[in-house]
Amino acid sequence: MPSIPRANGTGPAAGSHAADGPRRDRALTRTRPRSLAGQLFAVQVVIVALVVTGCAVLAYVNAGDRAEDAARDRVVAAATAVADSDTVVRAAASADPSRTLEPYAERVTADAGVDFVTIMDTHGIRWTHPDKSRIGEHFLGHIAPALRGRTFTETYTGTLGPSVRVVTPVMSGGRVVALVSIGIKVDTISREVRAQLTVLVLVALAALAVGGLGTYVANRRLRRHTHGMAATELSRMYDYHQATLHAVREGLILLDADRRVALCNDAARDLLSLGEQDVVGRFVDALGLPASLTGALLASEPRLDEVHLTSERVVVVNTSPVRGGERRGTVVTLRDRTDLQALTGELDSVRGFAEALRSQAHESSNRLHTVVSLIELGRADEAVEFATSELELAQALTDRVVAAVGEPVLAALLLGKAAEAHERGVELTVTEDSRIDDGVLPPALAARDLVTVLGNLMDNAIDAAIEGAARGGSRPSVTVRARAEEDELLLRVTDSGRGVDPAAIEEVFRRGWTTKSEGHGLGLALVEQAARRAGGTVALDRAPGGGARFTVRLPLRQEAPA
């Protein structure tokens with residue numbers, strides 16, 4: 001009966017499935033490419049091994065050549081000394097030279113560290129030899145150059161085997177009376193070289209070990225910095241990195257530990273108006289950014305959703321330090337809030353209008369109840385007079401604004417602010433000489449910028465007038481002058497408040513300056529930014545009545561490009 005695998009996983013089928021997991025893991029391990037650090041380590045170890053081996057081979061060959069040269073020098077020096085010896089000259093003239101020269105040759109052999117000293121007559125018959133049985137035999141080798149009075153060296157295979165030898169003449173009375181040959185066997189030279197080779201191999205192995213250790217340490221550090229990724233992974237990550245930087249719509253700036261720009265994407269260049277200038281490697285405080293924004297980028301603590309103004313935009317700044325055991329830099333992200341800020345201002349204006357309308361509706365309801373009550377009391381004439389007097393005041397202001405300002409956006413803004421001012425107990429007046437015809441404003445002068453400029457100035461003026469009246473001043477009032485004069489648009493807002501300290505005039509348009517509670521200080525900075533974006537100016541001085549007077553001048557004609 002066939003066996004059935006049990007459900008607890010102990011049968012053959014379960015075993016085969018259980019083995020599939022490790023096999024798959026091993027397959028994935030085999031197919032994963034070697035890390036960049038591992039590849040560099042292998043290459044560097046091979047290079048170090050080849051260099052050390054090559055140096056060892058060259059050193060061995062050089063040691064062999066030097067050992068042979070040293071042997072030649074030693075036998076030449078010994079042979080020359082023997083040939084100049086008086087003992088050899090006298091023995092050569094005696095009847096039995098071997099009796100005197102054989103002990104002498106043995107002493108020289110031992111003292112000079114050579115393998116043989118052979119002294120012979122001019123016919124090549126040996127008088128001395130390490131093997132005494134060879135004395136009297138003919139010398140194996142060349143003697144002709146020595147018979148002519150010249151010392152020479154050669155490598156020759158004699159009775160003792162291959163040797164490096166020298167043959168030199170023994171001179172007496174200007175003629176050759178004997179010959180001296182001294183040599184060192186090639187085996188002896190090879191033994192000396194082999195002794196040096198042992199030391200050389202030990203030095204090579206030590207160099208290889210030191211080189212391998214240094215390579216291991218360097219590549220371990222590289223592995224830590226590359227997170228063990230392979231070269232293909234790093235290349236792919238770099239490609240994604242570059243594509244992301246150019247595709248992301250948020251501004252991104254990376255600062256190093258010295259507050260120099262390490263990276264700046266295209267969106268950040270646009271938001272900060274950096275243009276095409278090369279900013280990488282430059283310090284943050286050398287980019288020409290506003291002081292408040294520069295301070296935020298240089299701060300060591302994180303910044304979260306801070307609003308800052310550049311020359312043309314409102315940006316939201318977030319900073320986060322990069323830490324890895326030590327401070328390595330800062331990541332800065334920038335979001336464009338220019339349009340959002342303008343829409344927020346417009347929304348605040350709409351909310352103000354709605355609140356004013358609600359208040360007016362409440363007041364109208366009260367007035368309507370009053371009129372109805374007068375009629376019920378039989379005082380119809382007084383009811384008509386009460387109703388028409390209120391309508392005349394409201395209609396007079398509306399007629400003045402509509403007649404003076406033909407631009408619909410400005411007219412609507414003035415009417416809305418007038419209603420808000422009336423609700424808050426502020427007398428808002430539009431000067432008699434105000435005049436802006438419809439169609440006068442150029443297309444380049446955005447209506448949104450006009451709302452930003454005039455709306456913020458009127459809001460500040462209303463608040464300042466109310467604050468001044470609360471501190472014992474005169475009745476709160478705001479005067480607005482809006483006039484198109486030749487080639488420029490003049491907007492002037494004057495309040496009855498306390499005015500601005502002359503020492504603080506330079507700081508008024510800086511982000512964060514305010515006389516109000518915490519959370520303000522952006523309106524006047526936005527006014528100055530919008531005016532500058534339109535090519536105009538904003539000025540502040542003291543009104544004749546003591547309040548503040550803001551004057552905005554905007555060009556109505558764009559300069560033709562040169």
# chains A, B, ... in the order shown; residues from 1 in each chain; ligands from 1
$ select_by_dssp --residues "segment 147-232 of chain A" --states "helix (DSSP H, G or I)" --output "compact mmCIF listing (two decimals) with all heavy atoms, in the first residue's frame"
# COMPACT_ATOMS: atom_id res chain seq x y z
N LEU A 147 99.57 33.66 -20.66
CA LEU A 147 100.94 33.57 -21.13
C LEU A 147 101.38 34.86 -21.82
O LEU A 147 102.58 35.15 -21.88
CB LEU A 147 101.09 32.38 -22.10
CG LEU A 147 100.91 30.98 -21.46
CD1 LEU A 147 100.97 29.89 -22.54
CD2 LEU A 147 102.01 30.73 -20.41
N VAL A 186 80.52 26.71 -9.21
CA VAL A 186 79.17 27.25 -9.44
C VAL A 186 78.21 26.76 -8.36
O VAL A 186 77.30 27.50 -7.93
CB VAL A 186 78.67 26.87 -10.85
CG1 VAL A 186 77.22 27.29 -11.05
CG2 VAL A 186 79.55 27.51 -11.92
N ASP A 187 78.40 25.54 -7.88
CA ASP A 187 77.54 25.03 -6.81
C ASP A 187 77.66 25.88 -5.55
O ASP A 187 76.67 26.11 -4.83
CB ASP A 187 77.89 23.58 -6.49
CG ASP A 187 77.48 22.64 -7.61
OD1 ASP A 187 76.64 23.07 -8.44
OD2 ASP A 187 77.98 21.51 -7.67
N THR A 188 78.89 26.33 -5.26
CA THR A 188 79.09 27.18 -4.08
C THR A 188 78.33 28.50 -4.23
O THR A 188 77.68 28.97 -3.30
CB THR A 188 80.58 27.45 -3.87
OG1 THR A 188 81.27 26.19 -3.74
CG2 THR A 188 80.79 28.29 -2.62
N ILE A 189 78.42 29.09 -5.44
CA ILE A 189 77.69 30.35 -5.69
C ILE A 189 76.18 30.12 -5.59
O ILE A 189 75.45 30.94 -5.01
CB ILE A 189 78.06 30.90 -7.08
CG1 ILE A 189 79.57 31.20 -7.15
CG2 ILE A 189 77.24 32.15 -7.40
CD1 ILE A 189 80.04 31.64 -8.53
N SER A 190 75.72 28.99 -6.12
CA SER A 190 74.28 28.68 -6.06
C SER A 190 73.81 28.53 -4.63
O SER A 190 72.71 28.95 -4.27
CB SER A 190 73.99 27.41 -6.86
OG SER A 190 74.34 27.59 -8.23
N ARG A 191 74.65 27.91 -3.77
CA ARG A 191 74.27 27.77 -2.36
C ARG A 191 74.13 29.13 -1.70
O ARG A 191 73.21 29.36 -0.89
CB ARG A 191 75.30 26.91 -1.62
CG ARG A 191 75.18 25.41 -1.90
CD ARG A 191 75.92 24.60 -0.85
NE ARG A 191 77.34 24.95 -0.81
CZ ARG A 191 78.28 24.38 -1.56
NH1 ARG A 191 77.96 23.43 -2.43
NH2 ARG A 191 79.55 24.74 -1.44
N GLU A 192 75.03 30.03 -2.01
CA GLU A 192 74.94 31.38 -1.45
C GLU A 192 73.66 32.09 -1.91
O GLU A 192 72.98 32.76 -1.13
CB GLU A 192 76.16 32.20 -1.84
CG GLU A 192 77.47 31.67 -1.24
CD GLU A 192 78.65 32.48 -1.70
OE1 GLU A 192 78.45 33.40 -2.53
OE2 GLU A 192 79.78 32.21 -1.24
N VAL A 193 73.34 31.90 -3.22
CA VAL A 193 72.13 32.53 -3.73
C VAL A 193 70.89 31.92 -3.09
O VAL A 193 69.92 32.62 -2.76
CB VAL A 193 72.07 32.41 -5.27
CG1 VAL A 193 70.72 32.91 -5.80
CG2 VAL A 193 73.21 33.18 -5.91
N ARG A 194 70.92 30.59 -2.90
CA ARG A 194 69.77 29.94 -2.26
C ARG A 194 69.59 30.41 -0.82
O ARG A 194 68.46 30.55 -0.33
CB ARG A 194 69.93 28.43 -2.32
CG ARG A 194 69.65 27.83 -3.68
CD ARG A 194 69.46 26.32 -3.60
NE ARG A 194 70.69 25.65 -3.20
CZ ARG A 194 71.63 25.24 -4.04
NH1 ARG A 194 71.49 25.44 -5.34
NH2 ARG A 194 72.71 24.62 -3.60
N ALA A 195 70.69 30.66 -0.14
CA ALA A 195 70.58 31.21 1.22
C ALA A 195 69.93 32.59 1.19
O ALA A 195 69.09 32.92 2.04
CB ALA A 195 71.96 31.26 1.86
N GLN A 196 70.31 33.40 0.19
CA GLN A 196 69.68 34.71 0.05
C GLN A 196 68.21 34.58 -0.38
O GLN A 196 67.36 35.40 0.00
CB GLN A 196 70.44 35.56 -0.97
CG GLN A 196 71.87 35.87 -0.56
CD GLN A 196 72.60 36.69 -1.61
OE1 GLN A 196 72.00 37.11 -2.61
NE2 GLN A 196 73.89 36.89 -1.40
N LEU A 197 67.92 33.53 -1.17
CA LEU A 197 66.55 33.34 -1.63
C LEU A 197 65.62 33.08 -0.46
O LEU A 197 64.47 33.53 -0.46
CB LEU A 197 66.51 32.17 -2.62
CG LEU A 197 65.11 31.81 -3.16
CD1 LEU A 197 64.53 32.98 -3.93
CD2 LEU A 197 65.20 30.57 -4.05
N THR A 198 66.07 32.35 0.54
CA THR A 198 65.23 32.09 1.71
C THR A 198 64.81 33.39 2.38
O THR A 198 63.64 33.61 2.72
CB THR A 198 65.97 31.19 2.70
OG1 THR A 198 66.35 29.97 2.05
CG2 THR A 198 65.09 30.89 3.91
N VAL A 199 65.81 34.27 2.57
CA VAL A 199 65.51 35.56 3.17
C VAL A 199 64.57 36.36 2.27
O VAL A 199 63.63 37.02 2.72
CB VAL A 199 66.81 36.34 3.44
CG1 VAL A 199 66.49 37.74 3.99
CG2 VAL A 199 67.70 35.58 4.39
N LEU A 200 64.84 36.27 0.94
CA LEU A 200 64.02 37.00 -0.01
C LEU A 200 62.57 36.52 0.01
O LEU A 200 61.63 37.33 -0.03
CB LEU A 200 64.60 36.84 -1.42
CG LEU A 200 63.91 37.60 -2.55
CD1 LEU A 200 64.00 39.09 -2.31
CD2 LEU A 200 64.54 37.25 -3.89
N VAL A 201 62.38 35.21 0.10
CA VAL A 201 61.02 34.66 0.15
C VAL A 201 60.30 35.12 1.42
O VAL A 201 59.11 35.48 1.40
CB VAL A 201 61.06 33.13 0.05
CG1 VAL A 201 59.70 32.53 0.37
CG2 VAL A 201 61.51 32.71 -1.34
N LEU A 202 61.02 35.12 2.54
CA LEU A 202 60.41 35.57 3.79
C LEU A 202 60.00 37.04 3.70
O LEU A 202 58.91 37.43 4.15
CB LEU A 202 61.38 35.37 4.95
CG LEU A 202 61.69 33.91 5.31
CD1 LEU A 202 62.73 33.84 6.42
CD2 LEU A 202 60.43 33.16 5.71
N VAL A 203 60.88 37.86 3.10
CA VAL A 203 60.54 39.28 2.93
C VAL A 203 59.33 39.44 2.01
O VAL A 203 58.43 40.26 2.26
CB VAL A 203 61.76 40.05 2.39
CG1 VAL A 203 61.37 41.49 2.03
CG2 VAL A 203 62.87 40.07 3.42
N ALA A 204 59.29 38.65 0.91
CA ALA A 204 58.18 38.73 -0.03
C ALA A 204 56.86 38.32 0.64
O ALA A 204 55.82 38.96 0.45
CB ALA A 204 58.45 37.84 -1.24
N LEU A 205 56.92 37.25 1.44
CA LEU A 205 55.71 36.83 2.14
C LEU A 205 55.25 37.89 3.15
O LEU A 205 54.04 38.14 3.29
CB LEU A 205 55.96 35.50 2.86
CG LEU A 205 56.15 34.28 1.95
CD1 LEU A 205 56.49 33.04 2.77
CD2 LEU A 205 54.91 34.03 1.10
N ALA A 206 56.20 38.51 3.84
CA ALA A 206 55.84 39.57 4.77
C ALA A 206 55.21 40.76 4.04
O ALA A 206 54.21 41.33 4.49
CB ALA A 206 57.07 40.02 5.56
N ALA A 207 55.82 41.11 2.87
CA ALA A 207 55.26 42.21 2.08
C ALA A 207 53.86 41.86 1.58
O ALA A 207 52.94 42.71 1.58
CB ALA A 207 56.18 42.54 0.90
N LEU A 208 53.67 40.61 1.16
CA LEU A 208 52.36 40.18 0.70
C LEU A 208 51.34 40.22 1.84
O LEU A 208 50.19 40.65 1.65
CB LEU A 208 52.45 38.76 0.13
CG LEU A 208 51.17 38.18 -0.48
CD1 LEU A 208 50.69 39.03 -1.63
CD2 LEU A 208 51.39 36.74 -0.93
N ALA A 209 51.77 39.80 3.03
CA ALA A 209 50.85 39.82 4.17
C ALA A 209 50.48 41.25 4.55
O ALA A 209 49.30 41.56 4.79
CB ALA A 209 51.49 39.11 5.37
N VAL A 210 51.49 42.14 4.58
CA VAL A 210 51.20 43.54 4.92
C VAL A 210 50.31 44.17 3.86
O VAL A 210 49.34 44.88 4.17
CB VAL A 210 52.51 44.32 5.09
CG1 VAL A 210 52.22 45.83 5.23
CG2 VAL A 210 53.28 43.82 6.29
N GLY A 211 50.63 43.91 2.57
CA GLY A 211 49.80 44.46 1.49
C GLY A 211 48.39 43.92 1.54
O GLY A 211 47.41 44.68 1.35
N GLY A 212 48.24 42.62 1.80
CA GLY A 212 46.91 42.05 1.90
C GLY A 212 46.13 42.60 3.07
O GLY A 212 44.92 42.88 2.96
N LEU A 213 46.80 42.80 4.22
CA LEU A 213 46.13 43.36 5.38
C LEU A 213 45.68 44.79 5.12
O LEU A 213 44.55 45.17 5.45
CB LEU A 213 47.07 43.31 6.59
CG LEU A 213 46.49 43.89 7.90
CD1 LEU A 213 45.26 43.10 8.33
CD2 LEU A 213 47.56 43.86 9.00
N GLY A 214 46.59 45.59 4.51
CA GLY A 214 46.20 46.96 4.19
C GLY A 214 45.05 47.00 3.21
O GLY A 214 44.12 47.82 3.34
N THR A 215 45.08 46.11 2.21
CA THR A 215 43.99 46.05 1.25
C THR A 215 42.68 45.64 1.92
O THR A 215 41.61 46.18 1.63
CB THR A 215 44.34 45.05 0.13
OG1 THR A 215 45.55 45.46 -0.50
CG2 THR A 215 43.24 44.98 -0.90
N TYR A 216 42.77 44.70 2.86
CA TYR A 216 41.57 44.25 3.57
C TYR A 216 40.97 45.39 4.39
O TYR A 216 39.74 45.60 4.38
CB TYR A 216 41.91 43.07 4.46
CG TYR A 216 40.78 42.66 5.38
CD1 TYR A 216 39.70 41.95 4.89
CD2 TYR A 216 40.80 43.02 6.73
CE1 TYR A 216 38.64 41.59 5.73
CE2 TYR A 216 39.75 42.67 7.57
CZ TYR A 216 38.68 41.95 7.06
OH TYR A 216 37.65 41.61 7.89
N VAL A 217 41.82 46.13 5.10
CA VAL A 217 41.32 47.24 5.92
C VAL A 217 40.67 48.30 5.05
O VAL A 217 39.58 48.81 5.34
CB VAL A 217 42.47 47.84 6.75
CG1 VAL A 217 42.02 49.11 7.46
CG2 VAL A 217 42.97 46.82 7.77
N ALA A 218 41.35 48.66 3.92
CA ALA A 218 40.80 49.68 3.03
C ALA A 218 39.47 49.23 2.42
O ALA A 218 38.52 50.02 2.33
CB ALA A 218 41.80 50.00 1.92
N ASN A 219 39.39 47.97 2.02
CA ASN A 219 38.17 47.49 1.40
C ASN A 219 37.06 47.26 2.42
O ASN A 219 35.88 47.36 2.08
CB ASN A 219 38.45 46.20 0.63
CG ASN A 219 39.11 46.43 -0.70
OD1 ASN A 219 38.44 46.63 -1.70
ND2 ASN A 219 40.43 46.44 -0.72
N ARG A 220 37.42 46.97 3.65
CA ARG A 220 36.39 46.89 4.68
C ARG A 220 35.76 48.26 4.91
O ARG A 220 34.53 48.38 5.05
CB ARG A 220 36.99 46.37 5.97
CG ARG A 220 35.95 46.14 7.07
CD ARG A 220 36.58 45.52 8.29
NE ARG A 220 35.57 45.29 9.33
CZ ARG A 220 35.83 44.77 10.51
NH1 ARG A 220 37.08 44.41 10.80
NH2 ARG A 220 34.88 44.58 11.40
N ARG A 221 36.58 49.30 4.89
CA ARG A 221 36.04 50.66 5.01
C ARG A 221 35.18 51.01 3.79
O ARG A 221 34.12 51.61 3.91
CB ARG A 221 37.19 51.65 5.15
CG ARG A 221 36.75 53.09 5.34
CD ARG A 221 37.97 54.00 5.50
NE ARG A 221 37.56 55.38 5.66
CZ ARG A 221 37.27 55.95 6.81
NH1 ARG A 221 37.34 55.24 7.92
NH2 ARG A 221 36.91 57.22 6.87
N LEU A 222 35.67 50.61 2.60
CA LEU A 222 34.89 50.85 1.39
C LEU A 222 33.57 50.10 1.43
O LEU A 222 32.54 50.62 1.01
CB LEU A 222 35.71 50.43 0.16
CG LEU A 222 35.02 50.57 -1.19
CD1 LEU A 222 34.67 52.03 -1.47
CD2 LEU A 222 35.90 50.01 -2.31
N ARG A 223 33.59 48.88 1.93
CA ARG A 223 32.35 48.10 2.02
C ARG A 223 31.35 48.79 2.95
O ARG A 223 30.15 48.81 2.67
CB ARG A 223 32.66 46.69 2.55
CG ARG A 223 31.43 45.78 2.63
CD ARG A 223 31.80 44.48 3.33
NE ARG A 223 32.79 43.75 2.58
CZ ARG A 223 32.52 42.90 1.60
NH1 ARG A 223 31.26 42.67 1.27
NH2 ARG A 223 33.49 42.27 0.97
N ARG A 224 31.86 49.39 4.05
CA ARG A 224 30.96 50.08 4.97
C ARG A 224 30.34 51.30 4.30
O ARG A 224 29.17 51.59 4.50
CB ARG A 224 31.73 50.49 6.22
CG ARG A 224 30.85 51.12 7.29
CD ARG A 224 31.56 51.23 8.62
NE ARG A 224 32.72 52.11 8.54
CZ ARG A 224 33.98 51.71 8.59
NH1 ARG A 224 34.23 50.41 8.72
NH2 ARG A 224 34.99 52.55 8.52
N HIS A 225 31.14 52.02 3.50
CA HIS A 225 30.62 53.22 2.85
C HIS A 225 29.69 52.90 1.69
O HIS A 225 28.78 53.67 1.39
CB HIS A 225 31.78 54.08 2.34
CG HIS A 225 32.53 54.78 3.44
ND1 HIS A 225 31.91 55.62 4.35
CD2 HIS A 225 33.84 54.76 3.79
CE1 HIS A 225 32.81 56.08 5.20
NE2 HIS A 225 33.98 55.58 4.89
N THR A 226 29.92 51.77 1.00
CA THR A 226 29.07 51.39 -0.13
C THR A 226 27.94 50.45 0.29
O THR A 226 27.18 50.00 -0.57
CB THR A 226 29.90 50.71 -1.23
OG1 THR A 226 30.56 49.55 -0.70
CG2 THR A 226 30.94 51.67 -1.78
N ALA A 231 28.88 46.90 -8.07
CA ALA A 231 29.09 48.04 -8.96
C ALA A 231 27.84 48.32 -9.80
O ALA A 231 27.48 49.48 -10.01
CB ALA A 231 30.29 47.77 -9.87
N THR A 232 27.17 47.27 -10.25
CA THR A 232 25.95 47.48 -11.05
C THR A 232 24.85 48.12 -10.21
O THR A 232 24.11 48.97 -10.70
CB THR A 232 25.46 46.14 -11.62
OG1 THR A 232 25.30 45.19 -10.54
CG2 THR A 232 26.47 45.59 -12.63
$ atom_distance --atom1 "atom CA of Arg498 of chain A" --atom2 "atom CA of Ala464 of chain A"
7.3 Å
$ residues_around --residues "segment 289-299 of chain A" --least-positions-apart "2" --cutoff "9 Å" --atoms "only C-alpha atoms" --output "PDB file with N, CA, C and O atoms, in the first residue's frame"
ATOM      1  N   LEU A 255      23.849  69.858   2.082  1.00  0.00           N
ATOM      2  CA  LEU A 255      24.979  70.625   2.593  1.00  0.00           C
ATOM      3  C   LEU A 255      25.921  69.684   3.328  1.00  0.00           C
ATOM      4  O   LEU A 255      25.483  68.761   4.022  1.00  0.00           O
ATOM      5  N   ARG A 259      28.932  73.380   5.709  1.00  0.00           N
ATOM      6  CA  ARG A 259      27.869  74.220   5.170  1.00  0.00           C
ATOM      7  C   ARG A 259      28.167  74.665   3.738  1.00  0.00           C
ATOM      8  O   ARG A 259      27.851  75.767   3.339  1.00  0.00           O
ATOM      9  N   LEU A 272      15.089  79.395  -5.481  1.00  0.00           N
ATOM     10  CA  LEU A 272      16.008  80.356  -4.870  1.00  0.00           C
ATOM     11  C   LEU A 272      16.565  81.362  -5.866  1.00  0.00           C
ATOM     12  O   LEU A 272      17.431  82.168  -5.515  1.00  0.00           O
ATOM     13  N   VAL A 284      26.998  78.411   1.922  1.00  0.00           N
ATOM     14  CA  VAL A 284      25.613  78.878   1.881  1.00  0.00           C
ATOM     15  C   VAL A 284      25.534  80.395   1.976  1.00  0.00           C
ATOM     16  O   VAL A 284      24.751  81.038   1.274  1.00  0.00           O
ATOM     17  N   ASP A 285      26.373  80.973   2.863  1.00  0.00           N
ATOM     18  CA  ASP A 285      26.298  82.418   3.051  1.00  0.00           C
ATOM     19  C   ASP A 285      26.882  83.204   1.885  1.00  0.00           C
ATOM     20  O   ASP A 285      26.901  84.435   1.922  1.00  0.00           O
ATOM     21  N   ALA A 286      27.368  82.505   0.847  1.00  0.00           N
ATOM     22  CA  ALA A 286      27.885  83.185  -0.343  1.00  0.00           C
ATOM     23  C   ALA A 286      26.913  83.098  -1.518  1.00  0.00           C
ATOM     24  O   ALA A 286      27.265  83.494  -2.634  1.00  0.00           O
ATOM     25  N   LEU A 287      25.698  82.588  -1.287  1.00  0.00           N
ATOM     26  CA  LEU A 287      24.729  82.430  -2.373  1.00  0.00           C
ATOM     27  C   LEU A 287      23.874  83.672  -2.580  1.00  0.00           C
ATOM     28  O   LEU A 287      23.082  83.708  -3.533  1.00  0.00           O
ATOM     29  N   GLU A 301      20.094  73.002  14.431  1.00  0.00           N
ATOM     30  CA  GLU A 301      18.900  72.248  14.813  1.00  0.00           C
ATOM     31  C   GLU A 301      17.951  72.125  13.624  1.00  0.00           C
ATOM     32  O   GLU A 301      17.993  72.948  12.710  1.00  0.00           O
ATOM     33  N   PRO A 302      17.100  71.112  13.590  1.00  0.00           N
ATOM     34  CA  PRO A 302      16.156  70.939  12.473  1.00  0.00           C
ATOM     35  C   PRO A 302      15.158  72.093  12.421  1.00  0.00           C
ATOM     36  O   PRO A 302      14.796  72.672  13.441  1.00  0.00           O
ATOM     37  N   ARG A 303      14.728  72.418  11.216  1.00  0.00           N
ATOM     38  CA  ARG A 303      13.678  73.410  10.998  1.00  0.00           C
ATOM     39  C   ARG A 303      12.502  72.714  10.318  1.00  0.00           C
ATOM     40  O   ARG A 303      12.705  71.940   9.378  1.00  0.00           O
ATOM     41  N   GLU A 306       9.146  76.065   8.001  1.00  0.00           N
ATOM     42  CA  GLU A 306       9.345  77.508   8.179  1.00  0.00           C
ATOM     43  C   GLU A 306       9.084  78.223   6.858  1.00  0.00           C
ATOM     44  O   GLU A 306       9.511  77.772   5.804  1.00  0.00           O
ATOM     45  N   VAL A 307       8.387  79.333   6.922  1.00  0.00           N
ATOM     46  CA  VAL A 307       8.071  80.114   5.726  1.00  0.00           C
ATOM     47  C   VAL A 307       9.114  81.230   5.587  1.00  0.00           C
ATOM     48  O   VAL A 307       9.347  81.998   6.524  1.00  0.00           O
ATOM     49  N   HIS A 308       9.728  81.295   4.410  1.00  0.00           N
ATOM     50  CA  HIS A 308      10.739  82.317   4.125  1.00  0.00           C
ATOM     51  C   HIS A 308      10.465  82.929   2.765  1.00  0.00           C
ATOM     52  O   HIS A 308       9.849  82.291   1.886  1.00  0.00           O
ATOM     53  N   LEU A 309      10.949  84.132   2.597  1.00  0.00           N
ATOM     54  CA  LEU A 309      10.773  84.855   1.338  1.00  0.00           C
ATOM     55  C   LEU A 309      12.107  84.972   0.627  1.00  0.00           C
ATOM     56  O   LEU A 309      13.127  85.313   1.238  1.00  0.00           O
ATOM     57  N   THR A 310      12.096  84.668  -0.667  1.00  0.00           N
ATOM     58  CA  THR A 310      13.240  84.953  -1.513  1.00  0.00           C
ATOM     59  C   THR A 310      12.930  86.237  -2.282  1.00  0.00           C
ATOM     60  O   THR A 310      11.988  86.957  -1.953  1.00  0.00           O
ATOM     61  N   SER A 311      13.720  86.499  -3.296  1.00  0.00           N
ATOM     62  CA  SER A 311      13.479  87.725  -4.056  1.00  0.00           C
ATOM     63  C   SER A 311      12.141  87.691  -4.787  1.00  0.00           C
ATOM     64  O   SER A 311      11.531  88.742  -5.032  1.00  0.00           O
ATOM     65  N   VAL A 317      10.537  75.873   4.174  1.00  0.00           N
ATOM     66  CA  VAL A 317      11.851  75.273   4.355  1.00  0.00           C
ATOM     67  C   VAL A 317      11.787  74.221   5.455  1.00  0.00           C
ATOM     68  O   VAL A 317      11.240  74.469   6.540  1.00  0.00           O
ATOM     69  N   ASN A 318      12.352  73.047   5.157  1.00  0.00           N
ATOM     70  CA  ASN A 318      12.542  71.995   6.154  1.00  0.00           C
ATOM     71  C   ASN A 318      14.005  71.567   6.111  1.00  0.00           C
ATOM     72  O   ASN A 318      14.557  71.334   5.019  1.00  0.00           O
ATOM     73  N   THR A 319      14.648  71.477   7.258  1.00  0.00           N
ATOM     74  CA  THR A 319      16.031  71.020   7.324  1.00  0.00           C
ATOM     75  C   THR A 319      16.138  69.858   8.283  1.00  0.00           C
ATOM     76  O   THR A 319      15.414  69.796   9.291  1.00  0.00           O
ATOM     77  N   THR A 330      23.596  68.456   6.126  1.00  0.00           N
ATOM     78  CA  THR A 330      22.189  68.799   6.318  1.00  0.00           C
ATOM     79  C   THR A 330      21.426  68.569   5.026  1.00  0.00           C
ATOM     80  O   THR A 330      21.923  68.881   3.944  1.00  0.00           O
ATOM     81  N   VAL A 332      18.132  69.730   3.019  1.00  0.00           N
ATOM     82  CA  VAL A 332      17.202  70.860   2.981  1.00  0.00           C
ATOM     83  C   VAL A 332      16.182  70.605   1.879  1.00  0.00           C
ATOM     84  O   VAL A 332      16.561  70.311   0.736  1.00  0.00           O
ATOM     85  N   ARG A 510      11.242  93.336   6.498  1.00  0.00           N
ATOM     86  CA  ARG A 510      11.925  92.072   6.732  1.00  0.00           C
ATOM     87  C   ARG A 510      10.942  91.063   7.299  1.00  0.00           C
ATOM     88  O   ARG A 510      10.099  91.395   8.125  1.00  0.00           O
ATOM     89  N   ARG A 511      11.099  89.808   6.843  1.00  0.00           N
ATOM     90  CA  ARG A 511      10.207  88.761   7.327  1.00  0.00           C
ATOM     91  C   ARG A 511      10.328  88.633   8.841  1.00  0.00           C
ATOM     92  O   ARG A 511      11.411  88.594   9.403  1.00  0.00           O
ATOM     93  N   GLY A 512       9.171  88.572   9.518  1.00  0.00           N
ATOM     94  CA  GLY A 512       9.148  88.395  10.958  1.00  0.00           C
ATOM     95  C   GLY A 512       8.958  89.681  11.727  1.00  0.00           C
ATOM     96  O   GLY A 512       8.652  89.645  12.922  1.00  0.00           O
TER      97      GLY A 512
END
$ select_by_dssp --residues "segment 116-197 of chain A" --states "strand (DSSP E)" --output "ChimeraX atom specification"
/A:116-120,152-158,161-172,175-185
$ closest_residue --among "A:Val248, A:Val430, A:Ile436, A:Val164" --to "Ala67 of chain A" --atoms "only C-alpha atoms"
A:Val164
$ closest_residue --among "A:Asp459, A:Glu312, A:Glu427, A:Asp84" --to "Ser496 of chain A" --atoms "only C-alpha atoms"
A:Glu427
$ closest_residue --among "A:Gly439, A:Ser163, A:Val552, A:Val89" --to "Glu488 of chain A" --atoms "only C-alpha atoms"
A:Val552
$ atom_distance --atom1 "atom CA of Thr168 of chain A" --atom2 "atom CA of Thr151 of chain A"
4.4 Å
$ residues_around --residues "segment 171-176 of chain A" --least-positions-apart "4" --cutoff "12 Å" --atoms "only C-alpha atoms" --output "NGL selection string"
:A and (80 or 82-86 or 88-93 or 120-123 or 143-151 or 180)
$ closest_residue --among "A:Ile119, A:Ala387, A:Ala525, A:Leu556" --to "Ile135 of chain A" --atoms "only C-alpha atoms"
A:Ile119
